[in-house]
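J.: There's a structure below that I have some questions on.
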Amino acid sequence: MATKELNISPVGRVEGDLDVKVFMEGGVVTRAHTQAAMFRGFERIMAGKDPQSGLIVTPRICGICGGSHLYCASSALDTAWGTKLSPNALLLRAIGQATETIQSIPRWFYAIFATDMANKKFASKPLYQEVVKRFAAYSGTSFQSGVTASGRPVEVYALFGGQWPHSSYMVPGGVMCAPTLKDITRAHSIMNQFRNDWLETTWLGCSIERYLQIKSWDDLMAWVDENESQRNSDLGLFIRASLEFGLDKFGQGVGKYIAYGTYLHKDRYNTPTIDGRNQALINPSGFFDGKNYHEFDHKQIFEHVDHSWFEHQQPAHPWDEPLPTPVVSQNLENSDFNGKYSWSKAPRYMEQAAEAGPLSRVIMNANPNNLDHQIQDPLFGDIMEKMGPSVFTRTLARVHEAPRLYNYIDEWLSQVRLDDEFYIKPEEKDGKGFGATEAARGALAHWVEIEGGVIKNYQVIAPTTWNVGPNDAEGKSGPIEAALEGTEIEDPHDPVEVGMVARSFDSCLVCTVHAHDQKSGKELAKFKL
């Protein structure tokens with residue numbers, strides 16, 4: 001059958017290049033391979049440079065979460081140099097991270113994910129017309145208002161960071177800004193506009209305080225039906241339509257979850273150390289193996305390259321990895337999936353593939369052993385027990401974060417003390433550093449080794465690397481690969497289900513899907529998503 005290429009959406013959805021090779025039998029995906037099709041090599045760019053060059057270079061890794069990379073780069077040098085951080089510095093870093101994340105929620109939901117709910121696959125469903133009216137790309141009423149509202153929070157980021165994206169205001173020892181009362185007042189005003197224009201009025205249909213009272217799946221369903229405002233809110237419509245459309249029935253994944261945590265308490269991380277980081281986090285870190293919680297330890301992370309287009313090495317922790325050295329490039333259209341087939345490495349935690357992202361974060365928030373200053377939210381512990389992971393659960397986790405993040409930003413702005421210090425100059429020295437955060441898309445970390453006053457080794461593992469990584473040395477699938485397996489494709493010439501699974505992870509790569517017949521091996525179609 002001749003290859004057919006279709007443009008599923010008129011919107012260029014995220015950045016980069018990702019091929020998803022899907023093999024089907026009887027309309028069901030039996031095997032899937034995620035194939036990152038572009039080598040970037042930022043680690044090689046960093047080698048031999050001044051340690052602080054990471055503050056300039058690494059935010060350019062991504063045009064969407066550059067602030068998260070800056071957070072990691074500055075934090076890695078904090079631990080390498082043994083800096084001191086004032087409460088103000090920790091507050092302004094947290095505000096920057098949180099505003100970047102909260103702006104991504106409506107932008108991602110409307111422009112990347114929800115437009116697929118307007119696909120003709122769901123045309124026979126009772127809620128389809130309302131979904132199209134609100135969520136259709138460009139023409140949807142909520143698409144327009146939501147994408148517009150998403151620009152407000154990063155105005156706050158720019159107040160302190162000078163610009164967004166690609167700011168460099170976070171530095172080892174603090175932040176390079178000294179806000180005024182006018183800046184703080186303006187930031188409050190911008191966030192109030194975000195709440196009034198979208199968060200409470202369009203998205204929730206109620207106050208933030210009412211929404212945050214929800215503690216279980218039954219509470220959530222009762223909230224949906226509590227009144228017309230909540231039922232007809234965009235969140236209410238999303239929940240009702242997702243269940244009606246069956247988005248809770250596919251896209252399960254590997255069933256193991258990793259979060260590095262983020263937002264360091266202003267009074268608990270003033271002397272940064274790697275070992276002291278877990279206890280200082282507000283949004284907690286951890287690893288959940290499907291049954292039990294484990295304390296996060298970055299030394300349990302190893303990257304595999306058996307199926308990556310890099311020279312062979314044994315699985316290694318980032319501090320022990322060589323700089324990535326590509327092998328001779330291969331034909332992306334005819335890859336041997338028993339060999340090397342992706343530019344992405346395959347990270348593993350405790351030798352397990354693990355999903356990174358908002359679902360991992362909210363699962364950690366449900367840990368009953370969280371400390372008093374950490375988020376304690378049992379909702380997704382209950383949802384996972386009753387429903388398990390799916391496209392719906394993963395998407396709900398992302399949007400669930402918005403109300404809480406709003407409250408934190410408001411609280412942290414009020415805690416800034418304008419007459420206190422924002423930066424304490426550190427002493428530069430050789431050593432090893434580790435900096436981590438939770439980008440909007442999940443666990444992000446930088447590892448640096450400094451020798452002779454310059455960078456000897458720099459390694460980055462992004463959330464997309466966790467999720468789109470290929471098979472490991474034992475042939476275990478990566479999270480998106482596993483989530484695609486078992487998915488039922490209604491129309492192989494328009495496999496919207498594949499796109500919905502991939503986009504529920506919000507991988508920072510454009511997705512191209514190739515659908516193959518398992519028996520004949522023939523390519524049925526190729527789609528750019």
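We label chains A, B, ... in the order they appear in the structure tokens, count residues from 1 in each chain, and number ligands from 1 in the order shown.
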Which of region 204-248 of chain A counts as alpha helix (DSSP H) under DSSP, as an MDAnalysis selection string please?
T.: chainID A and resid 208:211 217:224 228:231 234:245
J.: Suppose we keep N, CA and C atoms; can you now write the selection as a PDB file, in the first residue's frame?
T.:
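Done, and the output landed in part-v8.pdb:
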ATOM      1  N   ILE A 208     -11.083  28.578  43.478  1.00  0.00           N
ATOM      2  CA  ILE A 208      -9.961  27.668  43.687  1.00  0.00           C
ATOM      3  C   ILE A 208     -10.128  26.918  45.001  1.00  0.00           C
ATOM      4  N   GLU A 209     -10.593  27.637  46.019  1.00  0.00           N
ATOM      5  CA  GLU A 209     -10.745  27.023  47.339  1.00  0.00           C
ATOM      6  C   GLU A 209     -11.730  25.861  47.293  1.00  0.00           C
ATOM      7  N   ARG A 210     -12.820  26.011  46.558  1.00  0.00           N
ATOM      8  CA  ARG A 210     -13.794  24.913  46.460  1.00  0.00           C
ATOM      9  C   ARG A 210     -13.178  23.715  45.742  1.00  0.00           C
ATOM     10  N   TYR A 211     -12.475  23.961  44.668  1.00  0.00           N
ATOM     11  CA  TYR A 211     -11.902  22.844  43.921  1.00  0.00           C
ATOM     12  C   TYR A 211     -10.902  22.062  44.761  1.00  0.00           C
ATOM     13  N   TRP A 217     -11.910  10.316  44.033  1.00  0.00           N
ATOM     14  CA  TRP A 217     -12.618  10.235  42.760  1.00  0.00           C
ATOM     15  C   TRP A 217     -14.108  10.513  42.949  1.00  0.00           C
ATOM     16  N   ASP A 218     -14.689   9.984  44.000  1.00  0.00           N
ATOM     17  CA  ASP A 218     -16.111  10.239  44.265  1.00  0.00           C
ATOM     18  C   ASP A 218     -16.361  11.720  44.525  1.00  0.00           C
ATOM     19  N   ASP A 219     -15.447  12.367  45.246  1.00  0.00           N
ATOM     20  CA  ASP A 219     -15.567  13.814  45.467  1.00  0.00           C
ATOM     21  C   ASP A 219     -15.545  14.564  44.139  1.00  0.00           C
ATOM     22  N   LEU A 220     -14.657  14.136  43.233  1.00  0.00           N
ATOM     23  CA  LEU A 220     -14.532  14.816  41.944  1.00  0.00           C
ATOM     24  C   LEU A 220     -15.808  14.678  41.131  1.00  0.00           C
ATOM     25  N   MET A 221     -16.371  13.476  41.098  1.00  0.00           N
ATOM     26  CA  MET A 221     -17.598  13.284  40.338  1.00  0.00           C
ATOM     27  C   MET A 221     -18.764  14.042  40.970  1.00  0.00           C
ATOM     28  N   ALA A 222     -18.773  14.129  42.292  1.00  0.00           N
ATOM     29  CA  ALA A 222     -19.807  14.917  42.965  1.00  0.00           C
ATOM     30  C   ALA A 222     -19.622  16.399  42.651  1.00  0.00           C
ATOM     31  N   TRP A 223     -18.372  16.839  42.567  1.00  0.00           N
ATOM     32  CA  TRP A 223     -18.093  18.236  42.223  1.00  0.00           C
ATOM     33  C   TRP A 223     -18.621  18.549  40.827  1.00  0.00           C
ATOM     34  N   VAL A 224     -18.439  17.647  39.868  1.00  0.00           N
ATOM     35  CA  VAL A 224     -18.910  17.875  38.505  1.00  0.00           C
ATOM     36  C   VAL A 224     -20.410  18.137  38.494  1.00  0.00           C
ATOM     37  N   GLU A 228     -24.519  23.749  37.765  1.00  0.00           N
ATOM     38  CA  GLU A 228     -24.345  23.898  36.323  1.00  0.00           C
ATOM     39  C   GLU A 228     -23.024  24.578  35.974  1.00  0.00           C
ATOM     40  N   SER A 229     -22.596  25.514  36.825  1.00  0.00           N
ATOM     41  CA  SER A 229     -21.349  26.216  36.543  1.00  0.00           C
ATOM     42  C   SER A 229     -20.172  25.243  36.481  1.00  0.00           C
ATOM     43  N   GLN A 230     -20.104  24.324  37.414  1.00  0.00           N
ATOM     44  CA  GLN A 230     -19.007  23.358  37.439  1.00  0.00           C
ATOM     45  C   GLN A 230     -19.188  22.291  36.365  1.00  0.00           C
ATOM     46  N   ARG A 231     -20.403  21.838  36.176  1.00  0.00           N
ATOM     47  CA  ARG A 231     -20.671  20.807  35.173  1.00  0.00           C
ATOM     48  C   ARG A 231     -20.332  21.312  33.776  1.00  0.00           C
ATOM     49  N   ASP A 234     -15.007  24.137  31.538  1.00  0.00           N
ATOM     50  CA  ASP A 234     -14.177  23.358  30.623  1.00  0.00           C
ATOM     51  C   ASP A 234     -13.637  22.099  31.292  1.00  0.00           C
ATOM     52  N   LEU A 235     -13.311  22.184  32.575  1.00  0.00           N
ATOM     53  CA  LEU A 235     -12.865  20.984  33.281  1.00  0.00           C
ATOM     54  C   LEU A 235     -14.001  19.982  33.396  1.00  0.00           C
ATOM     55  N   GLY A 236     -15.198  20.464  33.723  1.00  0.00           N
ATOM     56  CA  GLY A 236     -16.348  19.573  33.794  1.00  0.00           C
ATOM     57  C   GLY A 236     -16.629  18.901  32.463  1.00  0.00           C
ATOM     58  N   LEU A 237     -16.540  19.672  31.377  1.00  0.00           N
ATOM     59  CA  LEU A 237     -16.760  19.098  30.045  1.00  0.00           C
ATOM     60  C   LEU A 237     -15.674  18.084  29.721  1.00  0.00           C
ATOM     61  N   PHE A 238     -14.428  18.415  30.032  1.00  0.00           N
ATOM     62  CA  PHE A 238     -13.338  17.482  29.753  1.00  0.00           C
ATOM     63  C   PHE A 238     -13.558  16.153  30.488  1.00  0.00           C
ATOM     64  N   ILE A 239     -13.910  16.201  31.742  1.00  0.00           N
ATOM     65  CA  ILE A 239     -14.114  14.965  32.518  1.00  0.00           C
ATOM     66  C   ILE A 239     -15.263  14.158  31.922  1.00  0.00           C
ATOM     67  N   ARG A 240     -16.396  14.809  31.678  1.00  0.00           N
ATOM     68  CA  ARG A 240     -17.571  14.088  31.168  1.00  0.00           C
ATOM     69  C   ARG A 240     -17.302  13.514  29.778  1.00  0.00           C
ATOM     70  N   ALA A 241     -16.680  14.326  28.902  1.00  0.00           N
ATOM     71  CA  ALA A 241     -16.415  13.860  27.541  1.00  0.00           C
ATOM     72  C   ALA A 241     -15.359  12.756  27.531  1.00  0.00           C
ATOM     73  N   SER A 242     -14.355  12.853  28.373  1.00  0.00           N
ATOM     74  CA  SER A 242     -13.311  11.822  28.410  1.00  0.00           C
ATOM     75  C   SER A 242     -13.893  10.462  28.762  1.00  0.00           C
ATOM     76  N   LEU A 243     -14.780  10.434  29.743  1.00  0.00           N
ATOM     77  CA  LEU A 243     -15.398   9.170  30.133  1.00  0.00           C
ATOM     78  C   LEU A 243     -16.346   8.673  29.048  1.00  0.00           C
ATOM     79  N   GLU A 244     -17.060   9.589  28.419  1.00  0.00           N
ATOM     80  CA  GLU A 244     -17.963   9.216  27.339  1.00  0.00           C
ATOM     81  C   GLU A 244     -17.196   8.718  26.117  1.00  0.00           C
ATOM     82  N   PHE A 245     -16.047   9.322  25.823  1.00  0.00           N
ATOM     83  CA  PHE A 245     -15.252   8.965  24.653  1.00  0.00           C
ATOM     84  C   PHE A 245     -14.343   7.764  24.906  1.00  0.00           C
TER      85      PHE A 245
END
J.: Can you pull out the residues contacting region 98-105 of chain A? Cut-off 9 Å, using only C-alpha atoms, and skip same-chain residues under 5 positions away; I want them as a PDB file with N, CA and C atoms, in the first residue's frame.
T.:
ATOM      1  N   ILE A  64      10.302  26.045  25.368  1.00  0.00           N
ATOM      2  CA  ILE A  64       9.077  25.964  26.153  1.00  0.00           C
ATOM      3  C   ILE A  64       9.385  25.942  27.646  1.00  0.00           C
ATOM      4  N   CYS A  65      10.451  25.245  28.031  1.00  0.00           N
ATOM      5  CA  CYS A  65      10.762  25.111  29.457  1.00  0.00           C
ATOM      6  C   CYS A  65      12.202  25.532  29.732  1.00  0.00           C
ATOM      7  N   GLY A  66      12.635  26.620  29.103  1.00  0.00           N
ATOM      8  CA  GLY A  66      13.980  27.119  29.329  1.00  0.00           C
ATOM      9  C   GLY A  66      14.222  27.515  30.772  1.00  0.00           C
ATOM     10  N   GLY A  67      13.188  28.007  31.452  1.00  0.00           N
ATOM     11  CA  GLY A  67      13.327  28.366  32.857  1.00  0.00           C
ATOM     12  C   GLY A  67      13.642  27.160  33.723  1.00  0.00           C
ATOM     13  N   SER A  68      13.110  26.008  33.348  1.00  0.00           N
ATOM     14  CA  SER A  68      13.386  24.781  34.099  1.00  0.00           C
ATOM     15  C   SER A  68      14.842  24.371  33.933  1.00  0.00           C
ATOM     16  N   ARG A  93      13.136  31.936  42.582  1.00  0.00           N
ATOM     17  CA  ARG A  93      13.332  30.780  41.704  1.00  0.00           C
ATOM     18  C   ARG A  93      12.041  29.962  41.618  1.00  0.00           C
ATOM     19  N   TYR A 110      -5.311  23.075  25.427  1.00  0.00           N
ATOM     20  CA  TYR A 110      -6.104  23.502  24.279  1.00  0.00           C
ATOM     21  C   TYR A 110      -5.374  23.318  22.948  1.00  0.00           C
ATOM     22  N   ALA A 149      -5.012  33.364  27.590  1.00  0.00           N
ATOM     23  CA  ALA A 149      -4.777  33.458  29.032  1.00  0.00           C
ATOM     24  C   ALA A 149      -3.433  32.860  29.420  1.00  0.00           C
ATOM     25  N   SER A 150      -2.963  31.891  28.665  1.00  0.00           N
ATOM     26  CA  SER A 150      -1.714  31.220  29.019  1.00  0.00           C
ATOM     27  C   SER A 150      -0.517  32.163  28.989  1.00  0.00           C
ATOM     28  N   GLY A 151      -0.651  33.284  28.293  1.00  0.00           N
ATOM     29  CA  GLY A 151       0.453  34.235  28.234  1.00  0.00           C
ATOM     30  C   GLY A 151       0.624  35.079  29.480  1.00  0.00           C
ATOM     31  N   ARG A 152      -0.383  35.087  30.362  1.00  0.00           N
ATOM     32  CA  ARG A 152      -0.306  35.961  31.537  1.00  0.00           C
ATOM     33  C   ARG A 152       0.783  35.547  32.531  1.00  0.00           C
ATOM     34  N   PRO A 153       0.849  34.286  32.965  1.00  0.00           N
ATOM     35  CA  PRO A 153       1.821  33.955  34.021  1.00  0.00           C
ATOM     36  C   PRO A 153       3.268  34.240  33.645  1.00  0.00           C
ATOM     37  N   VAL A 154       3.648  34.061  32.372  1.00  0.00           N
ATOM     38  CA  VAL A 154       5.050  34.316  32.026  1.00  0.00           C
ATOM     39  C   VAL A 154       5.356  35.811  31.952  1.00  0.00           C
ATOM     40  N   GLU A 155       4.328  36.647  32.009  1.00  0.00           N
ATOM     41  CA  GLU A 155       4.585  38.070  32.208  1.00  0.00           C
ATOM     42  C   GLU A 155       5.185  38.289  33.593  1.00  0.00           C
ATOM     43  N   VAL A 156       4.723  37.499  34.561  1.00  0.00           N
ATOM     44  CA  VAL A 156       5.305  37.561  35.904  1.00  0.00           C
ATOM     45  C   VAL A 156       6.747  37.079  35.868  1.00  0.00           C
ATOM     46  N   TYR A 157       6.988  35.979  35.161  1.00  0.00           N
ATOM     47  CA  TYR A 157       8.361  35.483  35.010  1.00  0.00           C
ATOM     48  C   TYR A 157       9.260  36.589  34.454  1.00  0.00           C
ATOM     49  N   TRP A 164      11.114  36.083  28.922  1.00  0.00           N
ATOM     50  CA  TRP A 164      10.751  34.670  28.831  1.00  0.00           C
ATOM     51  C   TRP A 164      10.423  34.374  27.379  1.00  0.00           C
ATOM     52  N   PRO A 165      10.935  33.315  26.779  1.00  0.00           N
ATOM     53  CA  PRO A 165      11.829  32.322  27.388  1.00  0.00           C
ATOM     54  C   PRO A 165      13.289  32.782  27.377  1.00  0.00           C
ATOM     55  N   TYR A 263      10.311  23.164  43.881  1.00  0.00           N
ATOM     56  CA  TYR A 263       9.935  24.234  44.809  1.00  0.00           C
ATOM     57  C   TYR A 263      10.572  23.986  46.178  1.00  0.00           C
ATOM     58  N   ARG A 398      -2.343  16.655  34.817  1.00  0.00           N
ATOM     59  CA  ARG A 398      -1.722  17.900  34.366  1.00  0.00           C
ATOM     60  C   ARG A 398      -2.583  19.108  34.731  1.00  0.00           C
ATOM     61  N   VAL A 399      -3.854  19.037  34.417  1.00  0.00           N
ATOM     62  CA  VAL A 399      -4.705  20.207  34.637  1.00  0.00           C
ATOM     63  C   VAL A 399      -5.043  20.381  36.119  1.00  0.00           C
ATOM     64  N   GLU A 401      -3.056  20.473  38.485  1.00  0.00           N
ATOM     65  CA  GLU A 401      -2.023  21.244  39.171  1.00  0.00           C
ATOM     66  C   GLU A 401      -2.278  22.752  39.157  1.00  0.00           C
ATOM     67  N   ALA A 402      -3.077  23.245  38.222  1.00  0.00           N
ATOM     68  CA  ALA A 402      -3.202  24.692  38.037  1.00  0.00           C
ATOM     69  C   ALA A 402      -3.711  25.437  39.277  1.00  0.00           C
ATOM     70  N   PRO A 403      -4.800  25.006  39.912  1.00  0.00           N
ATOM     71  CA  PRO A 403      -5.283  25.773  41.076  1.00  0.00           C
ATOM     72  C   PRO A 403      -4.264  25.835  42.215  1.00  0.00           C
ATOM     73  N   LEU A 405      -0.965  25.554  42.014  1.00  0.00           N
ATOM     74  CA  LEU A 405       0.152  26.404  41.623  1.00  0.00           C
ATOM     75  C   LEU A 405      -0.207  27.882  41.753  1.00  0.00           C
ATOM     76  N   TYR A 406      -1.430  28.224  41.391  1.00  0.00           N
ATOM     77  CA  TYR A 406      -1.855  29.617  41.538  1.00  0.00           C
ATOM     78  C   TYR A 406      -1.721  30.062  42.992  1.00  0.00           C
ATOM     79  N   TYR A 408       0.172  28.845  45.359  1.00  0.00           N
ATOM     80  CA  TYR A 408       1.576  28.936  45.761  1.00  0.00           C
ATOM     81  C   TYR A 408       2.221  30.216  45.250  1.00  0.00           C
ATOM     82  N   ILE A 409       1.982  30.543  43.985  1.00  0.00           N
ATOM     83  CA  ILE A 409       2.562  31.768  43.422  1.00  0.00           C
ATOM     84  C   ILE A 409       2.107  32.983  44.222  1.00  0.00           C
ATOM     85  N   GLU A 438      11.116  19.872  38.491  1.00  0.00           N
ATOM     86  CA  GLU A 438      10.021  19.311  37.713  1.00  0.00           C
ATOM     87  C   GLU A 438       9.615  20.343  36.679  1.00  0.00           C
ATOM     88  N   ALA A 439      10.041  20.140  35.441  1.00  0.00           N
ATOM     89  CA  ALA A 439       9.529  20.964  34.351  1.00  0.00           C
ATOM     90  C   ALA A 439       8.049  20.630  34.156  1.00  0.00           C
ATOM     91  N   ALA A 440       7.359  21.403  33.355  1.00  0.00           N
ATOM     92  CA  ALA A 440       5.935  21.122  33.117  1.00  0.00           C
ATOM     93  C   ALA A 440       5.737  19.682  32.669  1.00  0.00           C
ATOM     94  N   ARG A 441       6.688  19.165  31.894  1.00  0.00           N
ATOM     95  CA  ARG A 441       6.566  17.820  31.339  1.00  0.00           C
ATOM     96  C   ARG A 441       7.159  16.740  32.224  1.00  0.00           C
TER      97      ARG A 441
END
J.: Quick check, in Å to one decimal: how far apart do CA of Gly469 (chain A) and CA of Ala346 (chain A) lie?
T.: 4.5 Å
J.: Would you list the contacts of Gln300 (chain A) as number ranges by chain, taking every protein, DNA or RNA residue within 8 Å and counting only C-alpha atoms, but skipping same-chain residues closer than 6 positions in sequence?
T.: A: 317, 349-350
J.: Store the residues picked out above in a file with N, CA and C atoms, as a compact mmCIF listing (two decimals), in the first residue's frame.
T.:
# COMPACT_ATOMS: atom_id res chain seq x y z
N HIS A 317 25.60 5.84 35.31
CA HIS A 317 25.06 7.05 35.93
C HIS A 317 25.60 8.25 35.18
N TYR A 349 15.45 3.76 36.34
CA TYR A 349 15.60 4.00 37.77
C TYR A 349 15.41 2.67 38.50
N MET A 350 16.38 2.28 39.29
CA MET A 350 16.37 0.96 39.93
C MET A 350 16.12 -0.12 38.88
J.: Give one line per residue of region 275-363 of chain A that approaches region 44-56 of chain A to at most 10 Å, naming the two atoms of the closest pair and their distance in Å to one decimal, counting only C-alpha atoms; sort by chain then ascending residue number and deliver it as JSON lines.
T.:
{"residue": "A:Pro322", "atom": "CA", "partner": "A:Arg44", "partner_atom": "CA", "distance": 9.8}
{"residue": "A:Leu323", "atom": "CA", "partner": "A:Arg44", "partner_atom": "CA", "distance": 6.1}
{"residue": "A:Pro324", "atom": "CA", "partner": "A:Arg44", "partner_atom": "CA", "distance": 7.1}
{"residue": "A:Thr325", "atom": "CA", "partner": "A:Arg44", "partner_atom": "CA", "distance": 8.7}
J.: How would the residues just chosen look if you wrote them out with C-alpha atoms as a CSV table (one decimal), in the first residue's frame?
T.:
chain,number,residue,atom,x,y,z
A,322,PRO,CA,31.2,9.8,28.5
A,323,LEU,CA,30.0,12.7,26.3
A,324,PRO,CA,27.6,11.3,23.7
A,325,THR,CA,29.4,10.2,20.6
J.: Give me, as a list in words, the residues of region 140-380 of chain A that a backbone DSSP run labels strand (DSSP E).
T.: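 After running DSSP on the backbone, region 140-380 of chain A has strand (DSSP E) at Met170, Val171, Gly174, Val175, Tyr257, Ile258, Ala259, Thr262, Tyr263, Leu264, Leu281, Ile282, Asn283, Gly286, Phe287, Phe288, Tyr293, His294, Ile301, Phe302, Glu303, His304, Ala346, Pro347, Arg348, Tyr349, Glu355 and Ala356 of chain A.
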J.: Report, in Å with one decimal, the straight-line distance from CA of Ala356 (chain A) to CA of Tyr260 (chain A).
T.: 9.0 Å
J.: Have a look at CA of Leu418 (chain A) and CA of Ser74 (chain A) and let me know their distance in Å, one decimal.
T.: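 About the pair CA of Leu418 (chain A) and CA of Ser74 (chain A): they are 22.0 Å apart.
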J.: With a distance cut-off of 12 Å and only C-alpha atoms, select the neighbouring residues of Glu130 (chain A), excluding the residue or stretch itself and same-chain residues fewer than 3 positions from it, and output the selection as an MDAnalysis selection string.
T.: chainID A and resid 117:118 122:123 125:127 133:136 140:142 232:234 236:238 240:241
J.: Quick one: of A:Pro106, A:Gly246, A:Gly162, A:Gly174, who's nearest to Phe194 (chain A), counting only C-alpha atoms?
T.: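 Closest candidate: A:Pro106.
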J.: Considering only C-alpha atoms, can you say which of A:Trp447, A:Trp319, A:Phe302, A:Trp309 comes closest to Arg348 (chain A)?
T.: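 Looking at the shortest contact to Arg348 (chain A), the residue is A:Phe302.
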J.: Please provide the set of residues having any atom within 12 Å of Pro368 (chain A), restricted to only C-alpha atoms, with same-chain residues fewer than 3 positions apart removed, written as a list in words.
T.: Pro284, Asn292, Tyr293, Ile363, Met364, Asn365, Leu371, Asp372, Gln374, Ile375, Gln376, Asp377, Pro378, Leu379 and Gly381 of chain A
J.: Export C-alpha atoms of the chosen residues as a PDB file, in the first residue's frame?
T.:
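Contents of selection.pdb, as written:
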ATOM      1  CA  PRO A 284       7.973  15.982  46.841  1.00  0.00           C
ATOM      2  CA  ASN A 292       5.294   1.084  47.113  1.00  0.00           C
ATOM      3  CA  TYR A 293       6.926   4.495  47.438  1.00  0.00           C
ATOM      4  CA  ILE A 363       1.157  10.328  42.728  1.00  0.00           C
ATOM      5  CA  MET A 364       4.028  11.569  44.934  1.00  0.00           C
ATOM      6  CA  ASN A 365       1.664  14.140  46.439  1.00  0.00           C
ATOM      7  CA  LEU A 371       6.353  15.973  55.431  1.00  0.00           C
ATOM      8  CA  ASP A 372       4.197  18.728  56.926  1.00  0.00           C
ATOM      9  CA  GLN A 374       5.046  19.210  51.492  1.00  0.00           C
ATOM     10  CA  ILE A 375       1.947  18.826  49.354  1.00  0.00           C
ATOM     11  CA  GLN A 376      -0.437  16.264  50.805  1.00  0.00           C
ATOM     12  CA  ASP A 377      -3.148  15.477  48.288  1.00  0.00           C
ATOM     13  CA  PRO A 378      -4.713  11.978  48.307  1.00  0.00           C
ATOM     14  CA  LEU A 379      -6.825  12.482  45.154  1.00  0.00           C
ATOM     15  CA  GLY A 381      -3.815   7.881  45.079  1.00  0.00           C
TER      16      GLY A 381
END
J.: Please identify every residue of region 473-497 of chain A that has at least one atom no farther than 9 Å from an atom of region 28-31 of chain A, counting only C-alpha atoms, and for each give the shortest atom pair and the distance in Å to one decimal, arranged by chain then increasing number, as a Markdown table.
T.:
| residue | atom | partner | partner_atom | distance |
| --- | --- | --- | --- | --- |
| A:Glu481 | CA | A:Arg31 | CA | 7.7 |
| A:Ala482 | CA | A:Arg31 | CA | 8.4 |
| A:Leu484 | CA | A:Val29 | CA | 6.7 |
| A:Glu485 | CA | A:Val29 | CA | 5.1 |
| A:Gly486 | CA | A:Val29 | CA | 5.1 |
| A:Thr487 | CA | A:Val29 | CA | 5.3 |
| A:Glu488 | CA | A:Val28 | CA | 4.3 |
| A:Ile489 | CA | A:Val28 | CA | 5.9 |
| A:Glu490 | CA | A:Val28 | CA | 8.7 |
J.: Keeping only N, CA and C atoms, take the residues you just selected and write them out as a short mmCIF file (atom, residue, chain, number, x, y, z; two decimals), in the first residue's frame.
T.:
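Now in result-v5.cif:
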data_model
loop_
_atom_site.label_atom_id
_atom_site.label_comp_id
_atom_site.auth_asym_id
_atom_site.auth_seq_id
_atom_site.Cartn_x
_atom_site.Cartn_y
_atom_site.Cartn_z
N GLU A 481 6.26 3.81 24.49
CA GLU A 481 6.17 2.55 23.76
C GLU A 481 5.20 1.60 24.46
N ALA A 482 5.33 1.47 25.78
CA ALA A 482 4.46 0.57 26.54
C ALA A 482 3.02 1.06 26.53
N LEU A 484 1.47 2.64 24.21
CA LEU A 484 0.85 2.43 22.90
C LEU A 484 0.44 0.97 22.69
N GLU A 485 1.17 0.06 23.30
CA GLU A 485 0.88 -1.36 23.10
C GLU A 485 -0.50 -1.70 23.67
N GLY A 486 -1.30 -2.40 22.88
CA GLY A 486 -2.65 -2.76 23.30
C GLY A 486 -3.70 -1.75 22.91
N THR A 487 -3.29 -0.61 22.35
CA THR A 487 -4.25 0.41 21.94
C THR A 487 -5.02 -0.06 20.71
N GLU A 488 -6.32 0.07 20.75
CA GLU A 488 -7.16 -0.31 19.63
C GLU A 488 -7.31 0.87 18.68
N ILE A 489 -6.95 0.65 17.42
CA ILE A 489 -7.01 1.70 16.40
C ILE A 489 -8.27 1.48 15.55
N GLU A 490 -9.21 2.40 15.64
CA GLU A 490 -10.46 2.26 14.91
C GLU A 490 -10.27 2.42 13.41
#
